[in-house]
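With compact mmCIF, C-alpha atoms (C1' of nucleotides) inside, this is entry.txt:
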```txt
# COMPACT_ATOMS: atom_id res chain seq x y z
CA MET Y 1 -17.44 6.65 29.25
CA ILE Y 2 -14.31 8.32 28.00
CA SER Y 3 -13.67 9.29 24.36
CA ILE Y 4 -10.13 9.23 22.97
CA ALA Y 5 -9.16 10.40 19.48
CA ALA Y 6 -5.98 10.42 17.41
CA TRP Y 7 -5.59 12.99 14.65
CA ASN Y 8 -2.83 14.13 12.31
CA VAL Y 9 -3.77 17.82 12.03
CA ASN Y 10 -1.10 18.74 9.45
CA SER Y 11 -0.18 22.01 11.24
CA ILE Y 12 -2.03 23.05 14.39
CA ARG Y 13 -1.77 26.75 13.47
CA THR Y 14 -3.26 26.33 9.99
CA ARG Y 15 -5.92 23.92 11.33
CA LEU Y 16 -6.84 25.95 14.41
CA PRO Y 17 -10.40 26.91 13.30
CA GLN Y 18 -11.25 23.36 12.17
CA CYS Y 19 -9.76 21.88 15.32
CA LEU Y 20 -11.66 24.19 17.66
CA ALA Y 21 -14.93 23.62 15.79
CA TRP Y 22 -14.50 19.85 16.09
CA LEU Y 23 -13.66 19.98 19.81
CA ARG Y 24 -16.75 22.10 20.44
CA ARG Y 25 -18.95 19.75 18.42
CA ASP Y 26 -17.74 16.26 19.45
CA ARG Y 27 -16.13 17.14 22.79
CA PRO Y 28 -13.59 14.30 22.89
CA ASP Y 29 -12.10 13.85 26.36
CA VAL Y 30 -8.62 13.12 25.06
CA VAL Y 31 -6.96 14.02 21.74
CA LEU Y 32 -3.63 12.61 20.53
CA LEU Y 33 -2.27 14.98 17.89
CA GLN Y 34 0.44 14.55 15.25
CA GLU Y 35 2.21 16.91 12.86
CA THR Y 36 1.58 20.02 14.92
CA LYS Y 37 4.56 21.57 13.07
CA VAL Y 38 5.36 24.19 15.68
CA MET Y 39 7.71 24.64 18.60
CA ASP Y 40 6.09 24.60 22.05
CA ASP Y 41 6.44 28.36 22.58
CA GLY Y 42 4.43 29.00 19.41
CA PHE Y 43 1.63 26.53 20.18
CA PRO Y 44 -1.85 28.12 20.45
CA ARG Y 45 -2.34 26.91 24.02
CA LEU Y 46 -4.93 29.38 25.30
CA GLU Y 47 -7.57 28.51 22.70
CA PHE Y 48 -7.56 24.89 23.87
CA GLU Y 49 -7.18 25.61 27.57
CA ASP Y 50 -10.26 27.82 27.27
CA LEU Y 51 -12.18 24.69 26.16
CA GLY Y 52 -11.09 22.92 29.34
CA TYR Y 53 -8.16 20.88 28.08
CA ASN Y 54 -4.84 20.22 29.78
CA LEU Y 55 -1.97 20.17 27.28
CA ALA Y 56 1.25 18.19 26.99
CA LEU Y 57 3.44 19.23 24.06
CA SER Y 58 6.51 17.98 22.22
CA GLY Y 59 7.02 20.33 19.31
CA GLU Y 60 9.60 20.98 16.63
CA LYS Y 61 10.15 23.73 14.07
CA SER Y 62 8.43 23.12 10.71
CA TYR Y 63 8.14 19.34 10.92
CA ASN Y 64 6.65 16.59 13.09
CA GLY Y 65 5.45 17.61 16.56
CA VAL Y 66 3.05 15.66 18.80
CA ALA Y 67 0.69 16.69 21.59
CA ILE Y 68 -1.87 15.39 24.05
CA PHE Y 69 -5.05 17.28 25.00
CA SER Y 70 -7.00 15.96 27.98
CA LYS Y 71 -10.01 17.02 30.04
CA TYR Y 72 -8.38 15.03 32.85
CA PRO Y 73 -5.13 15.98 34.60
CA LEU Y 74 -1.99 14.74 32.84
CA GLU Y 75 0.78 13.16 34.90
CA ASP Y 76 4.13 11.45 34.27
CA VAL Y 77 4.63 13.07 30.85
CA ARG Y 78 7.43 11.43 28.83
CA ARG Y 79 8.80 12.75 25.54
CA GLY Y 80 10.62 10.69 22.93
CA LEU Y 81 11.10 6.95 22.54
CA PRO Y 82 13.95 5.20 24.36
CA GLY Y 83 16.66 3.50 22.34
CA ASP Y 84 18.36 6.28 20.33
CA ASP Y 85 19.59 9.42 22.07
CA SER Y 86 20.61 10.89 18.71
CA ASP Y 87 16.99 10.95 17.45
CA MET Y 88 15.82 14.55 17.90
CA GLN Y 89 12.57 14.30 15.92
CA ALA Y 90 9.44 15.08 17.95
CA ARG Y 91 7.38 11.96 17.24
CA TYR Y 92 6.36 10.55 20.62
CA ILE Y 93 4.74 11.82 23.79
CA GLU Y 94 3.13 9.85 26.59
CA ALA Y 95 1.17 10.72 29.73
CA VAL Y 96 -1.03 9.22 32.40
CA LEU Y 97 -4.63 10.40 32.73
CA SER Y 98 -5.88 10.72 36.26
CA ILE Y 99 -9.58 9.86 36.04
CA PRO Y 100 -11.99 10.33 38.93
CA ALA Y 101 -13.14 6.88 39.99
CA THR Y 102 -14.73 5.12 42.91
CA LYS Y 103 -12.54 3.04 45.21
CA GLU Y 104 -14.09 -0.03 43.66
CA GLN Y 105 -13.05 1.13 40.18
CA GLN Y 106 -9.58 2.03 41.40
CA ALA Y 107 -9.21 -1.50 42.76
CA ARG Y 108 -9.72 -2.73 39.18
CA GLY Y 109 -7.26 -0.17 37.83
CA GLY Y 110 -10.12 2.02 36.62
CA GLY Y 111 -8.73 5.32 37.82
CA VAL Y 112 -5.83 5.51 35.40
CA ILE Y 113 -5.34 5.35 31.63
CA ARG Y 114 -1.93 5.75 30.01
CA VAL Y 115 -2.01 7.34 26.55
CA ALA Y 116 0.64 8.02 23.92
CA SER Y 117 0.62 10.10 20.74
CA VAL Y 118 2.94 8.72 18.06
CA TYR Y 119 3.91 9.97 14.63
CA VAL Y 120 5.68 7.13 12.84
CA PRO Y 121 8.02 8.31 10.05
CA ASN Y 122 6.58 8.10 6.56
CA GLY Y 123 9.72 6.59 5.02
CA GLN Y 124 9.35 8.22 1.58
CA THR Y 125 10.60 5.25 -0.51
CA THR Y 126 11.58 1.73 0.48
CA ASP Y 127 15.18 2.23 -0.73
CA SER Y 128 15.74 5.45 1.25
CA ASP Y 129 17.50 6.14 4.56
CA LYS Y 130 14.13 7.45 5.74
CA TYR Y 131 12.59 4.02 5.35
CA ALA Y 132 15.42 2.48 7.41
CA TYR Y 133 14.68 5.11 10.06
CA LYS Y 134 10.98 4.23 9.91
CA LEU Y 135 11.76 0.55 10.57
CA ARG Y 136 14.17 1.38 13.42
CA PHE Y 137 11.57 3.71 14.95
CA LEU Y 138 8.99 0.92 14.84
CA THR Y 139 11.46 -1.48 16.51
CA ARG Y 140 11.97 1.06 19.32
CA LEU Y 141 8.21 1.60 19.59
CA ALA Y 142 7.62 -2.15 19.95
CA ALA Y 143 10.27 -2.42 22.66
CA HIS Y 144 8.74 0.48 24.58
CA ALA Y 145 5.24 -0.93 24.12
CA ARG Y 146 6.38 -4.19 25.75
CA THR Y 147 7.63 -2.15 28.72
CA LEU Y 148 4.28 -0.37 29.03
CA LEU Y 149 2.24 -3.55 28.55
CA ALA Y 150 4.05 -5.07 31.55
CA TYR Y 151 2.31 -2.45 33.72
CA ASP Y 152 -0.97 -4.33 33.14
CA GLU Y 153 -3.02 -1.15 32.93
CA PRO Y 154 -5.35 0.47 30.37
CA LEU Y 155 -3.07 1.83 27.62
CA VAL Y 156 -3.90 3.60 24.35
CA ILE Y 157 -1.14 4.23 21.83
CA GLY Y 158 -2.71 6.31 19.09
CA GLY Y 159 -1.50 8.21 16.10
CA ASP Y 160 -0.36 8.28 12.51
CA PHE Y 161 1.45 4.96 11.98
CA ASN Y 162 1.93 5.54 8.25
CA ILE Y 163 1.09 1.86 7.71
CA ALA Y 164 -2.04 0.35 6.21
CA PRO Y 165 -2.09 -3.00 8.07
CA ALA Y 166 -3.61 -5.05 5.25
CA ASP Y 167 -4.97 -4.72 1.72
CA LEU Y 168 -8.44 -4.34 3.26
CA ASP Y 169 -7.18 -0.97 4.52
CA VAL Y 170 -6.31 0.27 1.03
CA HIS Y 171 -8.75 1.56 -1.61
CA ASP Y 172 -6.71 0.21 -4.51
CA PRO Y 173 -4.06 -2.26 -3.28
CA ALA Y 174 -2.53 -2.77 -6.71
CA ALA Y 175 -1.94 0.95 -7.14
CA TRP Y 176 -0.23 1.13 -3.72
CA GLU Y 177 1.99 -1.91 -4.28
CA GLY Y 178 5.56 -1.08 -3.24
CA SER Y 179 4.58 2.01 -1.25
CA VAL Y 180 6.15 2.62 2.17
CA LEU Y 181 2.59 2.68 3.54
CA THR Y 182 1.84 -0.89 2.46
CA HIS Y 183 5.32 -2.47 2.29
CA LEU Y 184 5.69 -5.92 3.84
CA GLU Y 185 8.54 -4.91 6.19
CA ALA Y 186 6.55 -2.03 7.68
CA ARG Y 187 3.49 -4.26 7.99
CA ALA Y 188 5.59 -6.91 9.74
CA LYS Y 189 6.82 -4.31 12.26
CA LEU Y 190 3.23 -3.28 12.96
CA ARG Y 191 2.31 -6.94 13.48
CA THR Y 192 5.14 -7.18 16.02
CA LEU Y 193 3.33 -4.49 18.01
CA LEU Y 194 0.10 -6.47 17.75
CA TYR Y 195 1.72 -9.80 18.66
CA SER Y 196 3.20 -8.09 21.72
CA GLY Y 197 -0.33 -7.64 22.99
CA LEU Y 198 -1.72 -4.43 21.51
CA HIS Y 199 -5.03 -4.53 19.68
CA ASP Y 200 -6.27 -2.43 16.72
CA ALA Y 201 -9.39 -0.75 18.15
CA TYR Y 202 -11.07 -0.19 14.77
CA ARG Y 203 -10.48 -3.79 13.66
CA ILE Y 204 -11.80 -5.24 16.93
CA LEU Y 205 -15.24 -3.76 16.30
CA HIS Y 206 -15.25 -3.71 12.48
CA PRO Y 207 -13.63 -6.97 11.25
CA ALA Y 208 -14.53 -6.27 7.62
CA GLY Y 209 -14.80 -2.46 7.79
CA ARG Y 210 -13.27 -0.24 5.11
CA GLN Y 211 -13.22 3.20 6.71
CA PHE Y 212 -10.14 5.16 5.68
CA SER Y 213 -8.33 7.80 7.74
CA TRP Y 214 -6.29 9.55 5.03
CA TRP Y 215 -6.91 10.71 1.46
CA ASP Y 216 -4.27 12.33 -0.75
CA TYR Y 217 -4.71 16.04 -1.49
CA ARG Y 218 -3.56 15.27 -5.02
CA GLY Y 219 -5.57 13.70 -7.78
CA ASN Y 220 -8.92 14.42 -6.13
CA GLY Y 221 -8.35 11.50 -3.76
CA TRP Y 222 -11.19 12.45 -1.42
CA ALA Y 223 -13.82 12.73 -4.17
CA ARG Y 224 -12.78 9.31 -5.51
CA ASP Y 225 -12.56 7.85 -1.96
CA ASP Y 226 -9.02 6.80 -2.85
CA GLY Y 227 -7.92 6.49 0.77
CA LEU Y 228 -5.97 4.39 3.25
CA ARG Y 229 -6.39 3.46 6.90
CA ILE Y 230 -3.03 4.48 8.38
CA ASP Y 231 -4.10 6.14 11.64
CA HIS Y 232 -4.71 3.74 14.51
CA LEU Y 233 -5.63 3.39 18.16
CA LEU Y 234 -3.75 0.44 19.67
CA LEU Y 235 -5.11 -0.83 22.98
CA SER Y 236 -3.72 -2.93 25.80
CA PRO Y 237 -5.99 -5.81 26.88
CA GLN Y 238 -7.18 -3.75 29.87
CA ALA Y 239 -8.26 -0.96 27.49
CA ALA Y 240 -9.66 -3.31 24.83
CA ASP Y 241 -11.92 -4.92 27.45
CA ARG Y 242 -13.58 -1.52 27.87
CA LEU Y 243 -13.90 -0.68 24.16
CA GLU Y 244 -17.45 0.35 23.28
CA ALA Y 245 -17.11 2.10 19.90
CA CYS Y 246 -14.53 3.11 17.30
CA GLY Y 247 -14.69 4.91 13.96
CA MET Y 248 -13.34 7.70 11.80
CA VAL Y 249 -14.67 11.27 11.97
CA ARG Y 250 -15.06 11.06 8.22
CA ASP Y 251 -17.07 14.22 7.60
CA MET Y 252 -14.09 16.39 8.57
CA ARG Y 253 -12.26 15.49 5.35
CA GLY Y 254 -14.90 17.31 3.30
CA GLU Y 255 -14.61 20.61 5.15
CA GLU Y 256 -12.85 23.74 3.91
CA LYS Y 257 -9.09 23.68 4.55
CA ALA Y 258 -9.27 20.10 5.85
CA SER Y 259 -6.29 18.09 7.02
CA ASP Y 260 -5.57 15.15 4.72
CA HIS Y 261 -6.20 12.92 7.78
CA VAL Y 262 -9.39 12.58 9.83
CA PRO Y 263 -9.50 11.67 13.53
CA VAL Y 264 -9.96 8.07 14.61
CA LEU Y 265 -12.15 8.11 17.70
CA CYS Y 266 -12.97 5.46 20.31
CA GLN Y 267 -15.14 5.21 23.40
CA LEU Y 268 -13.99 3.34 26.49
CA ALA Y 269 -16.16 2.37 29.44
CA VAL Y 270 -14.68 3.78 32.63
C1' DA F 1 1.35 10.31 -13.92
C1' DT F 2 4.74 10.19 -6.42
C1' DG F 3 4.48 16.12 -12.56
C1' DC F 4 -1.61 16.13 -9.92
C1' DC F 5 -2.14 19.27 -3.52
C1' DT F 6 -0.85 21.44 0.93
C1' DA F 7 2.29 23.50 4.49
C1' DA F 8 6.68 25.73 6.21
C1' DT F 9 10.24 28.67 5.23
C1' DG F 10 11.07 33.08 3.72
C1' DG F 11 9.96 36.27 0.62
C1' DA F 12 11.26 32.09 -4.72
C1' DA F 13 11.94 27.66 -4.92
C1' DT F 14 12.69 23.79 -2.16
C1' DT F 15 11.70 20.12 1.20
C1' DA F 16 8.42 16.98 2.96
C1' DG F 17 4.42 14.67 3.35
C1' DA F 18 1.82 9.93 2.06
```
Show how you would write the structure in this file as structure tokens.
Amino acid sequence: MISIAAWNVNSIRTRLPQCLAWLRRDRPDVVLLQETKVMDDGFPRLEFEDLGYNLALSGEKSYNGVAIFSKYPLEDVRRGLPGDDSDMQARYIEAVLSIPATKEQQARGGGVIRVASVYVPNGQTTDSDKYAYKLRFLTRLAAHARTLLAYDEPLVIGGDFNIAPADLDVHDPAAWEGSVLTHLEARAKLRTLLYSGLHDAYRILHPAGRQFSWWDYRGNGWARDDGLRIDHLLLSPQAADRLEACGMVRDMRGEEKASDHVPVLCQLAV
DNA sequence: ATGCCTAATGGAATTAGA
């Protein structure tokens, strides 16, 4: 069994104590991080390496920033999405996990899992340039996903998609009408990813579930459970076939100095 | 009530998040 989580930490330096406590408690094998908000030379590497993780980083000053932690060796690290050389925002990193496996398992492709950490732009408002960038980013992500899906291997693209796929994923759909997190164009782009052959791990196992992954700091959102499910683990068929469990690490939202997101965590049979 | 909170920057007020 291998456990893979995606988590928007909202600053790895500010969240360092909470992050270390969680890794010691739940011991996920792989963590896909977003919004690390620090350049690679300022990343607190040693604290995580001491826990046995290999790190792959793509950081940026102040904003964005993605990373992969893995108990397994990381190979073939790629940074950034193809399709726009002018896009300098650190929102995508990908790597291949080299997992010890028997020859029999390797014959079935069992020795390798490709993972990606993605931080889809928020978009701010539907009439802004940022929303146009969000939609273009999702188009590029879908194109790249099709490339990766053609490899016919276990693939997990996880992260903060800044999209609640359906009204079921929103505490109060009427209140969020017109938001960039629920807008029909963003939802259609996410569906393009799904139609291409990726599968929403949480939805596979919980068809009617209403676990959220984000609650606004403002307006006492957590206490009122006014949340959205915007963080996702998207699986290739080869990964989905091995899916054993998926859920949110909900208790982390109630801790002191919590991120506004909680990790979404899945278990895959190896 | 997207005015409500949190983080980074820089050393106050602004930008950004979602």
Quick one: which chain F residues come within 9 Å of chain Y, and what is the nearest atom pair for each with the distance in Å to one decimal, counting all atoms listed in the file, rows ordered by chain and ascending number, as a Markdown table?
```
| residue | atom | partner | partner_atom | distance |
| --- | --- | --- | --- | --- |
| F:DC4 | C1' | Y:Gly219 | CA | 5.1 |
| F:DC5 | C1' | Y:Arg218 | CA | 4.5 |
| F:DT6 | C1' | Y:Tyr217 | CA | 7.1 |
| F:DA7 | C1' | Y:Ser11 | CA | 7.3 |
| F:DA8 | C1' | Y:Ser62 | CA | 5.5 |
| F:DT9 | C1' | Y:Ser62 | CA | 8.0 |
| F:DA16 | C1' | Y:Tyr63 | CA | 8.3 |
| F:DG17 | C1' | Y:Asn122 | CA | 7.6 |
| F:DA18 | C1' | Y:Asn122 | CA | 6.8 |
```
> If you measure from CA of Gly80 in chain Y to CA of Leu46 in chain Y, what distance in Å do you get, rounded to one decimal?
Replying inline: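 Result for CA of Gly80 in chain Y versus CA of Leu46 in chain Y: 24.4 Å, one decimal.
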> Could you work out how far CA of Asp231 in chain Y lies from CA of Val262 in chain Y, giving the answer in Å with one decimal?
Replying inline: 8.5 Å
> What is the distance between CA of Glu75 in chain Y and CA of Ser98 in chain Y, in Å to one decimal?
Replying inline: 7.2 Å
> Which one is closest to Val170 in chain Y: Y:Arg91, Y:Arg25, Y:Arg253, Y:Arg229? Count all atoms listed in the file.
Replying inline: Y:Arg229
>> Using all atoms listed in the file, list the residues that have an atom at most 10 Å from (3.2, 15.2, 32.6), coordinates as in the file, as a ChimeraX atom specification.
In response: /Y:54-57,68,73-79,93-97
Please fill the gaps in range 220-237 of chain Y so it has N, CA and C atoms, and write that as an mmCIF file, keeping the file's coordinate frame.
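result24.cif, written as the output of this step:
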```cif
data_model
loop_
_atom_site.group_PDB
_atom_site.id
_atom_site.type_symbol
_atom_site.label_atom_id
_atom_site.label_comp_id
_atom_site.auth_asym_id
_atom_site.auth_seq_id
_atom_site.Cartn_x
_atom_site.Cartn_y
_atom_site.Cartn_z
ATOM 1 N N ASN Y 220 -7.526 14.484 -6.558
ATOM 2 C CA ASN Y 220 -8.920 14.420 -6.130
ATOM 3 C C ASN Y 220 -9.216 13.139 -5.342
ATOM 4 N N GLY Y 221 -8.252 12.756 -4.494
ATOM 5 C CA GLY Y 221 -8.350 11.500 -3.760
ATOM 6 C C GLY Y 221 -9.613 11.385 -2.917
ATOM 7 N N TRP Y 222 -10.009 12.480 -2.285
ATOM 8 C CA TRP Y 222 -11.190 12.450 -1.420
ATOM 9 C C TRP Y 222 -12.455 12.184 -2.233
ATOM 10 N N ALA Y 223 -12.613 12.885 -3.346
ATOM 11 C CA ALA Y 223 -13.820 12.730 -4.170
ATOM 12 C C ALA Y 223 -13.921 11.303 -4.706
ATOM 13 N N ARG Y 224 -12.774 10.682 -4.979
ATOM 14 C CA ARG Y 224 -12.780 9.310 -5.510
ATOM 15 C C ARG Y 224 -12.739 8.269 -4.391
ATOM 16 N N ASP Y 225 -12.712 8.730 -3.132
ATOM 17 C CA ASP Y 225 -12.560 7.850 -1.960
ATOM 18 C C ASP Y 225 -11.324 6.975 -2.073
ATOM 19 N N ASP Y 226 -10.285 7.519 -2.699
ATOM 20 C CA ASP Y 226 -9.020 6.800 -2.850
ATOM 21 C C ASP Y 226 -8.204 7.031 -1.576
ATOM 22 N N GLY Y 227 -8.536 6.257 -0.534
ATOM 23 C CA GLY Y 227 -7.920 6.490 0.770
ATOM 24 C C GLY Y 227 -7.234 5.271 1.336
ATOM 25 N N LEU Y 228 -6.612 5.467 2.507
ATOM 26 C CA LEU Y 228 -5.970 4.390 3.250
ATOM 27 C C LEU Y 228 -6.301 4.531 4.733
ATOM 28 N N ARG Y 229 -6.261 3.422 5.441
ATOM 29 C CA ARG Y 229 -6.390 3.460 6.900
ATOM 30 C C ARG Y 229 -4.988 3.322 7.492
ATOM 31 N N ILE Y 230 -4.412 4.468 7.863
ATOM 32 C CA ILE Y 230 -3.030 4.480 8.380
ATOM 33 C C ILE Y 230 -2.942 5.089 9.772
ATOM 34 N N ASP Y 231 -4.058 5.580 10.288
ATOM 35 C CA ASP Y 231 -4.100 6.140 11.640
ATOM 36 C C ASP Y 231 -4.825 5.150 12.549
ATOM 37 N N HIS Y 232 -4.210 4.845 13.687
ATOM 38 C CA HIS Y 232 -4.710 3.740 14.510
ATOM 39 C C HIS Y 232 -4.718 4.082 15.986
ATOM 40 N N LEU Y 233 -5.616 3.392 16.698
ATOM 41 C CA LEU Y 233 -5.630 3.390 18.160
ATOM 42 C C LEU Y 233 -5.319 1.964 18.585
ATOM 43 N N LEU Y 234 -4.152 1.772 19.221
ATOM 44 C CA LEU Y 234 -3.750 0.440 19.670
ATOM 45 C C LEU Y 234 -3.970 0.349 21.175
ATOM 46 N N LEU Y 235 -4.653 -0.718 21.596
ATOM 47 C CA LEU Y 235 -5.110 -0.830 22.980
ATOM 48 C C LEU Y 235 -4.461 -2.013 23.692
ATOM 49 N N SER Y 236 -4.111 -1.807 24.959
ATOM 50 C CA SER Y 236 -3.720 -2.930 25.800
ATOM 51 C C SER Y 236 -4.979 -3.756 26.101
ATOM 52 N N PRO Y 237 -4.806 -5.000 26.556
ATOM 53 C CA PRO Y 237 -5.990 -5.810 26.880
ATOM 54 C C PRO Y 237 -6.927 -5.119 27.859
#
```
